[in-house]
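Q: final_8.pdb is the file, holding PDB, C-alpha atoms:
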```pdb
ATOM      1  CA  MET A  24    -151.982-123.512-138.738
ATOM      2  CA  THR A  25    -151.092-126.469-140.840
ATOM      3  CA  VAL A  26    -150.628-129.722-139.099
ATOM      4  CA  LEU A  27    -148.150-131.866-140.896
ATOM      5  CA  THR A  28    -148.643-135.524-140.324
ATOM      6  CA  ILE A  29    -145.984-138.034-141.274
ATOM      7  CA  GLU A  30    -147.553-141.348-141.948
ATOM      8  CA  SER A  31    -145.536-144.117-140.411
ATOM      9  CA  THR A  32    -145.938-147.716-141.385
ATOM     10  CA  ALA A  33    -145.710-150.813-139.257
ATOM     11  CA  ASP A  34    -142.264-151.384-140.780
ATOM     12  CA  ASP A  35    -141.107-147.977-139.541
ATOM     13  CA  HIS A  36    -142.313-148.793-136.065
ATOM     14  CA  ARG A  37    -140.550-152.129-136.086
ATOM     15  CA  ILE A  38    -137.299-150.578-137.303
ATOM     16  CA  ALA A  39    -137.529-147.901-134.614
ATOM     17  CA  GLN A  40    -138.185-150.474-131.906
ATOM     18  CA  LEU A  41    -135.343-152.707-133.010
ATOM     19  CA  ALA A  42    -132.979-149.734-133.308
ATOM     20  CA  ALA A  43    -133.981-148.677-129.800
ATOM     21  CA  LEU A  44    -133.149-152.152-128.557
ATOM     22  CA  ALA A  45    -129.754-152.056-130.313
ATOM     23  CA  ILE A  46    -129.038-148.582-128.935
ATOM     24  CA  SER A  47    -129.887-149.635-125.396
ATOM     25  CA  LEU A  48    -127.458-152.549-125.680
ATOM     26  CA  MET A  49    -124.826-150.161-127.063
ATOM     27  CA  TRP A  50    -125.469-147.768-124.208
ATOM     28  CA  LEU A  51    -125.332-150.546-121.627
ATOM     29  CA  GLU A  52    -122.025-151.661-123.078
ATOM     30  CA  ALA A  53    -120.600-148.117-123.117
ATOM     31  CA  SER A  54    -121.203-147.864-119.383
ATOM     32  CA  LEU A  55    -119.291-151.060-118.672
ATOM     33  CA  PRO A  56    -115.546-150.801-118.110
ATOM     34  CA  SER A  57    -113.463-152.362-120.876
ATOM     35  CA  PRO A  58    -110.322-154.363-120.062
ATOM     36  CA  ILE A  59    -108.530-152.974-123.112
ATOM     37  CA  PRO A  60    -109.336-149.516-124.531
ATOM     38  CA  GLY A  61    -111.286-149.875-127.739
ATOM     39  CA  VAL A  62    -112.275-153.482-127.181
ATOM     40  CA  LYS A  63    -116.027-153.933-126.791
ATOM     41  CA  PRO A  64    -118.184-157.042-127.078
ATOM     42  CA  GLY A  65    -120.533-155.385-129.572
ATOM     43  CA  LEU A  66    -123.754-156.630-127.999
ATOM     44  CA  ALA A  67    -125.877-154.395-130.238
ATOM     45  CA  ASN A  68    -124.842-156.611-133.120
ATOM     46  CA  ILE A  69    -126.915-159.459-131.674
ATOM     47  CA  VAL A  70    -129.951-157.375-132.595
ATOM     48  CA  ILE A  71    -128.596-156.724-136.106
ATOM     49  CA  LEU A  72    -127.979-160.446-136.637
ATOM     50  CA  LEU A  73    -131.488-161.358-135.520
ATOM     51  CA  VAL A  74    -132.987-158.641-137.709
ATOM     52  CA  LEU A  75    -131.014-159.971-140.666
ATOM     53  CA  ARG A  76    -132.446-163.447-140.230
ATOM     54  CA  GLN A  77    -135.985-162.352-139.480
ATOM     55  CA  TYR A  78    -136.550-159.287-141.654
ATOM     56  CA  GLY A  79    -133.734-159.284-144.183
ATOM     57  CA  LEU A  80    -130.793-157.108-145.125
ATOM     58  CA  ALA A  81    -132.646-153.838-145.786
ATOM     59  CA  THR A  82    -134.141-153.755-142.294
ATOM     60  CA  ALA A  83    -130.785-154.781-140.804
ATOM     61  CA  ALA A  84    -129.124-151.870-142.623
ATOM     62  CA  TRP A  85    -131.758-149.438-141.319
ATOM     63  CA  VAL A  86    -131.417-150.645-137.760
ATOM     64  CA  SER A  87    -127.625-150.566-137.974
ATOM     65  CA  GLY A  88    -127.567-147.064-139.460
ATOM     66  CA  LEU A  89    -129.981-145.731-136.871
ATOM     67  CA  ARG A  90    -128.000-147.426-134.142
ATOM     68  CA  VAL A  91    -124.786-145.705-135.255
ATOM     69  CA  ILE A  92    -126.306-142.234-135.661
ATOM     70  CA  ALA A  93    -128.771-142.156-132.771
ATOM     71  CA  GLY A  94    -126.370-144.050-130.533
ATOM     72  CA  SER A  95    -123.635-141.492-131.185
ATOM     73  CA  LEU A  96    -126.056-138.646-130.403
ATOM     74  CA  LEU A  97    -126.930-140.365-127.144
ATOM     75  CA  LEU A  98    -123.292-140.948-126.195
ATOM     76  CA  GLY A  99    -122.219-137.517-127.430
ATOM     77  CA  SER A 100    -119.811-138.850-130.021
ATOM     78  CA  PHE A 101    -121.622-137.652-133.153
ATOM     79  CA  LEU A 102    -119.130-136.608-135.881
ATOM     80  CA  THR A 103    -116.136-137.369-133.656
ATOM     81  CA  PRO A 104    -113.380-139.754-134.795
ATOM     82  CA  GLY A 105    -115.127-142.451-132.789
ATOM     83  CA  PHE A 106    -118.269-141.881-134.807
ATOM     84  CA  VAL A 107    -116.335-142.221-138.064
ATOM     85  CA  LEU A 108    -114.885-145.492-136.796
ATOM     86  CA  SER A 109    -118.338-146.639-135.804
ATOM     87  CA  CYS A 110    -119.625-145.880-139.321
ATOM     88  CA  ALA A 111    -116.719-147.687-140.952
ATOM     89  CA  GLY A 112    -117.215-150.744-138.775
ATOM     90  CA  ALA A 113    -120.967-150.837-139.315
ATOM     91  CA  ALA A 114    -120.655-150.375-143.089
ATOM     92  CA  SER A 115    -118.122-153.164-143.524
ATOM     93  CA  SER A 116    -120.105-155.488-141.253
ATOM     94  CA  LEU A 117    -123.209-154.844-143.331
ATOM     95  CA  ALA A 118    -121.242-155.640-146.468
ATOM     96  CA  VAL A 119    -120.353-158.993-144.924
ATOM     97  CA  LEU A 120    -123.970-159.598-143.935
ATOM     98  CA  ALA A 121    -124.995-158.842-147.526
ATOM     99  CA  LEU A 122    -122.507-161.373-148.848
ATOM    100  CA  VAL A 123    -122.773-164.149-146.271
ATOM    101  CA  GLY A 124    -126.429-163.652-145.422
ATOM    102  CA  ARG A 125    -127.282-165.171-148.794
ATOM    103  CA  PHE A 126    -125.957-168.562-147.781
ATOM    104  CA  SER A 127    -128.399-171.028-146.351
ATOM    105  CA  ALA A 128    -128.699-171.260-142.578
ATOM    106  CA  ARG A 129    -128.052-174.953-143.122
ATOM    107  CA  TRP A 130    -124.444-174.184-144.056
ATOM    108  CA  ILE A 131    -123.620-171.177-141.979
ATOM    109  CA  SER A 132    -125.467-170.105-138.859
ATOM    110  CA  LEU A 133    -125.401-166.702-137.222
ATOM    111  CA  VAL A 134    -122.263-167.879-135.393
ATOM    112  CA  GLY A 135    -120.147-167.858-138.559
ATOM    113  CA  VAL A 136    -121.843-164.725-139.884
ATOM    114  CA  SER A 137    -121.164-162.953-136.595
ATOM    115  CA  VAL A 138    -117.470-163.878-136.508
ATOM    116  CA  LEU A 139    -116.981-162.792-140.122
ATOM    117  CA  ALA A 140    -118.786-159.516-139.494
ATOM    118  CA  ALA A 141    -116.686-158.882-136.386
ATOM    119  CA  PHE A 142    -113.483-159.347-138.389
ATOM    120  CA  ALA A 143    -114.784-157.010-141.109
ATOM    121  CA  HIS A 144    -115.731-154.489-138.427
ATOM    122  CA  ILE A 145    -112.307-154.330-136.797
ATOM    123  CA  GLY A 146    -110.494-154.611-140.132
ATOM    124  CA  ALA A 147    -112.264-151.547-141.493
ATOM    125  CA  GLN A 148    -111.637-149.601-138.300
ATOM    126  CA  LEU A 149    -107.930-150.402-138.273
ATOM    127  CA  ALA A 150    -107.739-149.451-141.947
ATOM    128  CA  VAL A 151    -109.391-146.081-141.294
ATOM    129  CA  VAL A 152    -107.063-145.346-138.378
ATOM    130  CA  SER A 153    -104.032-146.465-140.317
ATOM    131  CA  TRP A 154    -104.690-144.626-143.574
ATOM    132  CA  TRP A 155    -106.671-141.610-142.556
ATOM    133  CA  MET A 156    -106.427-140.781-138.869
ATOM    134  CA  MET A 157    -102.876-141.686-137.967
ATOM    135  CA  PRO A 158    -100.888-142.249-141.153
ATOM    136  CA  GLY A 159     -97.350-143.352-140.447
ATOM    137  CA  VAL A 160     -98.229-144.919-137.107
ATOM    138  CA  ASN A 161     -98.096-148.674-137.142
ATOM    139  CA  VAL A 162    -101.529-149.416-135.714
ATOM    140  CA  TRP A 163    -101.389-152.931-137.136
ATOM    141  CA  ALA A 164     -99.009-153.841-134.338
ATOM    142  CA  SER A 165    -102.043-154.038-132.070
ATOM    143  CA  SER A 166    -104.131-155.959-134.603
ATOM    144  CA  PRO A 167    -103.628-159.375-132.919
ATOM    145  CA  ILE A 168    -105.411-158.083-129.802
ATOM    146  CA  PHE A 169    -108.312-156.708-131.815
ATOM    147  CA  ALA A 170    -108.533-159.810-134.006
ATOM    148  CA  THR A 171    -108.655-162.063-130.959
ATOM    149  CA  ALA A 172    -111.354-159.879-129.429
ATOM    150  CA  ALA A 173    -113.295-159.956-132.720
ATOM    151  CA  TRP A 174    -113.099-163.742-132.847
ATOM    152  CA  LEU A 175    -114.301-164.139-129.264
ATOM    153  CA  GLY A 176    -116.918-161.396-129.383
ATOM    154  CA  GLY A 177    -118.207-162.602-132.744
ATOM    155  CA  LEU A 178    -118.506-166.158-131.417
ATOM    156  CA  VAL A 179    -120.329-165.159-128.236
ATOM    157  CA  ASN A 180    -122.713-162.779-130.027
ATOM    158  CA  GLY A 181    -123.364-165.340-132.745
ATOM    159  CA  VAL A 182    -124.130-168.111-130.267
ATOM    160  CA  LEU A 183    -126.438-165.813-128.286
ATOM    161  CA  ALA A 184    -128.253-164.709-131.452
ATOM    162  CA  GLU A 185    -128.575-168.241-132.773
ATOM    163  CA  GLN A 186    -129.823-169.510-129.414
ATOM    164  CA  TRP A 187    -132.375-166.762-129.321
ATOM    165  CA  LEU A 188    -133.616-167.657-132.786
ATOM    166  CA  ARG A 189    -134.006-171.286-131.783
ATOM    167  CA  LYS A 190    -135.828-170.458-128.616
ATOM    168  CA  VAL A 191    -138.153-167.911-130.111
ATOM    169  CA  LYS A 192    -138.575-169.840-133.363
ATOM    170  CA  HIS A 193    -139.787-166.941-135.454
ATOM    171  CA  VAL A 194    -137.899-168.373-138.357
ATOM    172  CA  PRO A 195    -137.873-172.055-139.266
ATOM    173  CA  THR A 196    -134.375-173.509-139.142
ATOM    174  CA  ALA A 197    -132.668-174.462-142.413
TER     175      ALA A 197
ATOM    176  CA  MET B   6    -134.074-159.729-118.135
ATOM    177  CA  LYS B   7    -136.102-162.702-116.899
ATOM    178  CA  GLY B   8    -138.190-162.913-120.011
ATOM    179  CA  LEU B   9    -135.317-162.879-122.438
ATOM    180  CA  PRO B  10    -134.728-166.411-123.707
ATOM    181  CA  ILE B  11    -130.946-166.052-124.076
ATOM    182  CA  PHE B  12    -130.550-165.588-120.360
ATOM    183  CA  SER B  13    -132.466-168.753-119.530
ATOM    184  CA  LYS B  14    -131.324-172.334-119.868
ATOM    185  CA  PRO B  15    -129.652-173.836-121.800
ATOM    186  CA  GLY B  16    -126.696-171.625-121.160
ATOM    187  CA  LEU B  17    -123.843-170.727-123.413
ATOM    188  CA  THR B  18    -121.711-173.760-122.559
ATOM    189  CA  GLN B  19    -124.515-176.150-123.329
ATOM    190  CA  ALA B  20    -125.308-174.194-126.454
ATOM    191  CA  LEU B  21    -121.784-174.705-127.740
ATOM    192  CA  HIS B  22    -122.129-178.428-127.239
ATOM    193  CA  HIS B  23    -125.368-178.460-129.102
ATOM    194  CA  ALA B  24    -124.331-180.342-132.211
ATOM    195  CA  ARG B  25    -126.606-178.586-134.645
ATOM    196  CA  LEU B  26    -125.839-175.087-133.508
ATOM    197  CA  ILE B  27    -122.511-174.801-135.266
ATOM    198  CA  ARG B  28    -122.747-175.502-138.986
ATOM    199  CA  PRO B  29    -119.967-176.562-141.386
ATOM    200  CA  GLY B  30    -119.546-172.975-142.587
ATOM    201  CA  ASP B  31    -119.223-171.833-138.996
ATOM    202  CA  TRP B  32    -116.401-174.287-138.338
ATOM    203  CA  LEU B  33    -114.675-173.018-141.455
ATOM    204  CA  VAL B  34    -115.042-169.402-140.334
ATOM    205  CA  LEU B  35    -113.886-170.168-136.788
ATOM    206  CA  VAL B  36    -110.831-172.117-137.919
ATOM    207  CA  LEU B  37    -109.901-169.530-140.555
ATOM    208  CA  GLY B  38    -110.394-166.827-137.925
ATOM    209  CA  LEU B  39    -107.954-168.541-135.587
ATOM    210  CA  VAL B  40    -105.493-168.936-138.449
ATOM    211  CA  ALA B  41    -105.843-165.223-139.196
ATOM    212  CA  VAL B  42    -105.164-164.365-135.553
ATOM    213  CA  GLY B  43    -102.109-166.647-135.626
ATOM    214  CA  VAL B  44    -100.825-165.004-138.788
ATOM    215  CA  LEU B  45    -101.271-161.535-137.281
ATOM    216  CA  ILE B  46     -99.440-162.578-134.104
ATOM    217  CA  THR B  47     -96.483-164.027-136.001
ATOM    218  CA  ARG B  48     -96.434-161.113-138.412
ATOM    219  CA  PHE B  49     -96.674-158.261-135.932
ATOM    220  CA  TRP B  50     -95.438-159.644-132.629
ATOM    221  CA  LEU B  51     -93.034-162.468-133.297
ATOM    222  CA  GLY B  52     -92.070-161.394-136.784
ATOM    223  CA  GLU B  53     -88.863-159.646-137.618
ATOM    224  CA  ARG B  54     -89.343-155.957-137.759
ATOM    225  CA  GLN B  55     -88.684-154.999-141.295
ATOM    226  CA  GLY B  56     -85.801-152.621-141.819
ATOM    227  CA  GLU B  57     -86.444-149.385-143.669
ATOM    228  CA  ARG B  58     -83.274-147.293-143.639
ATOM    229  CA  LEU B  59     -79.540-147.673-143.420
ATOM    230  CA  LEU B  60     -77.779-145.454-140.950
ATOM    231  CA  ILE B  61     -74.015-145.050-141.218
ATOM    232  CA  ARG B  62     -72.158-143.268-138.457
ATOM    233  CA  GLN B  63     -68.600-142.122-138.238
ATOM    234  CA  GLY B  64     -67.179-140.925-134.937
ATOM    235  CA  GLY B  65     -70.604-140.214-133.479
ATOM    236  CA  ALA B  66     -71.894-138.189-136.420
ATOM    237  CA  VAL B  67     -74.382-139.471-138.965
ATOM    238  CA  PHE B  68     -72.524-140.057-142.195
ATOM    239  CA  LEU B  69     -75.473-141.315-144.208
ATOM    240  CA  ASN B  70     -79.148-142.057-143.609
ATOM    241  CA  ALA B  71     -80.626-143.637-146.724
ATOM    242  CA  PRO B  72     -83.594-145.864-147.538
ATOM    243  CA  LEU B  73     -82.867-149.546-148.144
ATOM    244  CA  THR B  74     -84.703-149.432-151.432
ATOM    245  CA  ARG B  75     -81.774-148.101-153.453
ATOM    246  CA  ASP B  76     -78.489-149.999-153.688
ATOM    247  CA  LEU B  77     -75.377-148.054-152.841
ATOM    248  CA  SER B  78     -71.806-148.365-151.733
ATOM    249  CA  ALA B  79     -70.034-145.970-149.429
ATOM    250  CA  ASP B  80     -66.468-145.372-148.350
ATOM    251  CA  VAL B  81     -66.176-143.885-144.902
ATOM    252  CA  SER B  82     -62.852-142.665-143.663
ATOM    253  CA  GLY B  83     -61.890-143.122-140.037
ATOM    254  CA  PRO B  84     -58.712-142.958-137.966
ATOM    255  CA  LEU B  85     -57.372-146.195-139.424
ATOM    256  CA  GLY B  86     -58.414-145.717-143.021
ATOM    257  CA  MET B  87     -61.353-146.492-145.244
ATOM    258  CA  THR B  88     -64.313-148.650-144.291
ATOM    259  CA  HIS B  89     -66.165-149.905-147.355
ATOM    260  CA  ILE B  90     -69.903-150.444-146.940
ATOM    261  CA  GLU B  91     -72.363-151.772-149.460
ATOM    262  CA  LEU B  92     -76.131-151.902-149.620
ATOM    263  CA  VAL B  93     -77.560-154.454-152.035
ATOM    264  CA  GLY B  94     -81.154-155.702-152.195
ATOM    265  CA  ARG B  95     -82.337-154.249-148.852
ATOM    266  CA  ARG B  96     -79.326-155.730-147.027
ATOM    267  CA  ALA B  97     -76.195-153.965-145.924
ATOM    268  CA  ARG B  98     -72.718-155.144-144.915
ATOM    269  CA  VAL B  99     -69.251-153.905-144.207
ATOM    270  CA  LEU B 100     -67.194-155.165-147.126
ATOM    271  CA  ARG B 101     -63.744-154.121-145.936
ATOM    272  CA  ASP B 102     -62.480-152.469-142.805
ATOM    273  CA  PRO B 103     -58.983-151.652-141.590
ATOM    274  CA  GLY B 104     -59.740-152.859-138.060
ATOM    275  CA  PRO B 105     -57.533-155.639-136.693
ATOM    276  CA  ARG B 106     -60.239-158.129-135.678
ATOM    277  CA  GLN B 107     -62.645-157.670-138.573
ATOM    278  CA  LEU B 108     -65.688-158.180-136.336
ATOM    279  CA  CYS B 109     -67.958-155.947-138.340
ATOM    280  CA  VAL B 110     -66.904-157.597-141.593
ATOM    281  CA  HIS B 111     -67.539-161.073-140.230
ATOM    282  CA  GLN B 112     -70.952-160.025-139.046
ATOM    283  CA  GLY B 113     -72.032-160.148-142.684
ATOM    284  CA  TRP B 114     -75.354-158.929-144.017
ATOM    285  CA  ILE B 115     -77.785-157.077-141.794
ATOM    286  CA  SER B 116     -81.339-156.340-142.905
ATOM    287  CA  ARG B 117     -83.713-156.305-139.923
ATOM    288  CA  ALA B 118     -84.623-153.220-137.929
ATOM    289  CA  GLY B 119     -82.329-152.795-134.955
ATOM    290  CA  GLU B 120     -79.467-154.828-136.383
ATOM    291  CA  ALA B 121     -76.091-153.178-136.436
ATOM    292  CA  ALA B 122     -72.483-153.850-137.333
ATOM    293  CA  ILE B 123     -69.908-151.813-135.488
ATOM    294  CA  CYS B 124     -66.324-151.317-136.602
ATOM    295  CA  LEU B 125     -65.088-149.926-133.313
ATOM    296  CA  PRO B 126     -61.407-149.306-134.158
ATOM    297  CA  ASN B 127     -62.275-147.197-137.169
ATOM    298  CA  GLN B 128     -65.247-145.611-135.372
ATOM    299  CA  VAL B 129     -67.683-146.577-138.120
ATOM    300  CA  SER B 130     -71.013-148.256-137.589
ATOM    301  CA  ILE B 131     -73.869-149.314-139.791
ATOM    302  CA  GLU B 132     -77.354-149.817-138.492
ATOM    303  CA  ILE B 133     -80.717-150.746-139.941
ATOM    304  CA  THR B 134     -83.627-148.720-138.624
ATOM    305  CA  GLY B 135     -87.331-149.544-138.812
ATOM    306  CA  ALA B 136     -90.261-147.471-139.986
ATOM    307  CA  SER B 137     -91.667-146.278-136.707
ATOM    308  CA  ARG B 138     -89.024-146.379-134.016
ATOM    309  CA  GLN B 139     -85.893-144.694-135.191
ATOM    310  CA  TYR B 140     -84.242-144.478-131.815
ATOM    311  CA  ASP B 141     -80.542-144.857-131.502
ATOM    312  CA  SER B 142     -80.144-148.537-130.748
ATOM    313  CA  LEU B 143     -76.391-148.206-130.299
ATOM    314  CA  ASN B 144     -76.771-145.927-127.325
ATOM    315  CA  TYR B 145     -80.145-147.219-126.236
TER     316      TYR B 145
END
```
How would this structure read if it were set down as structure tokens?
A:
Amino acid sequence: MTVLTIESTADDHRIAQLAALAISLMWLEASLPSPIPGVKPGLANIVILLVLRQYGLATAAWVSGLRVIAGSLLLGSFLTPGFVLSCAGAASSLAVLALVGRFSARWISLVGVSVLAAFAHIGAQLAVVSWWMMPGVNVWASSPIFATAAWLGGLVNGVLAEQWLRKVKHVPTA
Amino acid sequence: MKGLPIFSKPGLTQALHHARLIRPGDWLVLVLGLVAVGVLITRFWLGERQGERLLIRQGGAVFLNAPLTRDLSADVSGPLGMTHIELVGRRARVLRDPGPRQLCVHQGWISRAGEAAICLPNQVSIEITGASRQYDSLNY
């Protein structure tokens, strides 16, 4: 019998741990009742923001991707429309992190990054629903609700992430 | 949760007042975000619903249902005679009507979804309908 051993590095372990943390936040959030269907605070994104600052974009993308896939398996939404929306939101948020993450923390903290990513997230999801899932239905009529939620959720998550960074001080400020 | 720093002091309110927490770029993002929300609210909630089609009725039956994109003029005959309707540049109006009070003519151009001009004596009406809700706003 051949024993196949997959060598895992410390990086792999860290990514797995961080993804597990993000997934548990996602799971926690999924069990909470939402005031408006489809509106969630997106607590798992706090982890992604922290990972971005501490380990860079590549690790953030890994954690985000694992969060979406493993999280959907856990919640039983793998390959459902909700999963597609989750992918679209995560991909566009990562694109924003790639763009804005380059700026110095002196000019834009995780608060601004978080709000921008939240807008990208909901924008991509509305676009997918509008053009692919429900063409002809004016889903943009509800966009003010989602945009307001994105602004608030992005702000709260960003402040929490930034506060965490300052307390833990893994990364020097500015 | 006790060990997690975000759940300990200083809390969120104090954090917001922490001068160095929010950077110039953050202010920019937050203000632009609010502007974006405002634009979306005015555009989708307070904004005029854009008209998509012109609906002409005569005596309860649909005479014409055409998109606003192409200009046209139509003559509809009713009990009193001809009602002349024109559609120019996404707006429609009743140009001439044999009715005694000329209400529908004086109403002028209509272009927004839900707007209508009704020439009651000649039993002709024009109505602009929107993209999504094409219910009958005359009978609604």
Q: Can you translate the PyMOL selection byres ((chain B) within 7 of (chain A)) into the concrete residues it hits in this file, as a list in words?
A: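 Evaluating the PyMOL selection byres ((chain B) within 7 of (chain A)) on this file yields Pro10, Ile11, Ile27, Arg28, Pro29, Gly30, Asp31, Val34, Leu35, Gly38, Val42, Leu45, Ile46, Phe49 and Ser137 of chain B.
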Q: Under the rule that only C-alpha atoms are counted, which of B:His111, B:Arg101, B:Arg48, B:Arg95 is the nearest residue to Ala71 (chain B)?
A: B:Arg95
Q: When you draw a straight line from CA of Glu57 (chain B) to CA of Ile133 (chain B), how long is it in Å?
A: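 Atom-to-atom, CA of Glu57 (chain B) to CA of Ile133 (chain B), that is 7.0 Å.
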Q: So which residues get picked by the PyMOL selection byres ((chain A and resi 59-67) around 6) here, written as a tab-separated table (two decimals) with C-alpha atoms, in the coordinates of the input?
A:
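Everything below was put into result_5.tsv:
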```tsv
chain	number	residue	atom	x	y	z
A	45	ALA	CA	-129.75	-152.06	-130.31
A	48	LEU	CA	-127.46	-152.55	-125.68
A	49	MET	CA	-124.83	-150.16	-127.06
A	57	SER	CA	-113.46	-152.36	-120.88
A	58	PRO	CA	-110.32	-154.36	-120.06
A	68	ASN	CA	-124.84	-156.61	-133.12
A	69	ILE	CA	-126.92	-159.46	-131.67
A	70	VAL	CA	-129.95	-157.38	-132.60
A	176	GLY	CA	-116.92	-161.40	-129.38
```
Q: On this file, the PyMOL selection byres ((chain A and resi 42) around 10) gives some set of residues; write that set as a ChimeraX atom specification.
A: /A:36-41,43-48,67,70-71,74,82-83,85-91,93-94
Q: How many Å separate CA of Leu108 (chain A) from CA of Gln77 (chain A)?
A: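 The value is 27.1 Å.
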Q: Given the point (-69.0, -148.6, -153.6) in the coordinates of this file, which residues lie within 9 Å, counting only C-alpha atoms, and how would they look as a ChimeraX atom specification?
A: /B:77-80,89-92
Q: Around the point (-79.0, -141.2, -145.9) (coordinates from the file), which residues reach within 9 Å if we count only C-alpha atoms? Answer as a PyMOL selection string.
A: chain B and resi 58-61+67-72
Q: For CA of Gln63 (chain B) and CA of Gly86 (chain B), quote the distance in Å rounded to one decimal.
A: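 So the answer is 11.8 Å.
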Q: Would you kindly return, as a PyMOL selection string, each protein, DNA or RNA residue with an atom no farther than 8 Å from any atom of Gly124 (chain A), considering only C-alpha atoms and excluding same-chain residues fewer than 3 positions away?
A: chain A and resi 75-76+80+119-121+127+136
Q: If I wrap all listed atoms of region 30-35 of chain A in a box with edges along x, y and z and add 8 Å on each side, what are its centre and edge lengths in Å to one decimal, as lines of an AutoDock Vina configuration file?
A:
```
center_x = -144.3
center_y = -146.4
center_z = -140.6
size_x = 22.4
size_y = 26.0
size_z = 18.7
```
Q: Env of Arg117 (chain B): 12 Å cut, atoms = all atoms listed in the file, seq-sep filter 2 positions within chain, self excluded. Answer as a PyMOL selection string.
A: chain B and resi 52-59+73+95-97+114-115+119-122+132-136
Q: Rank nothing, just name the residue among A:Asp35, A:Ile145, A:Ala113, A:Phe106 nearest to Val162 (chain A), using all atoms listed in the file.
A: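 Ranked by minimum distance to Val162 (chain A), first place goes to A:Ile145.
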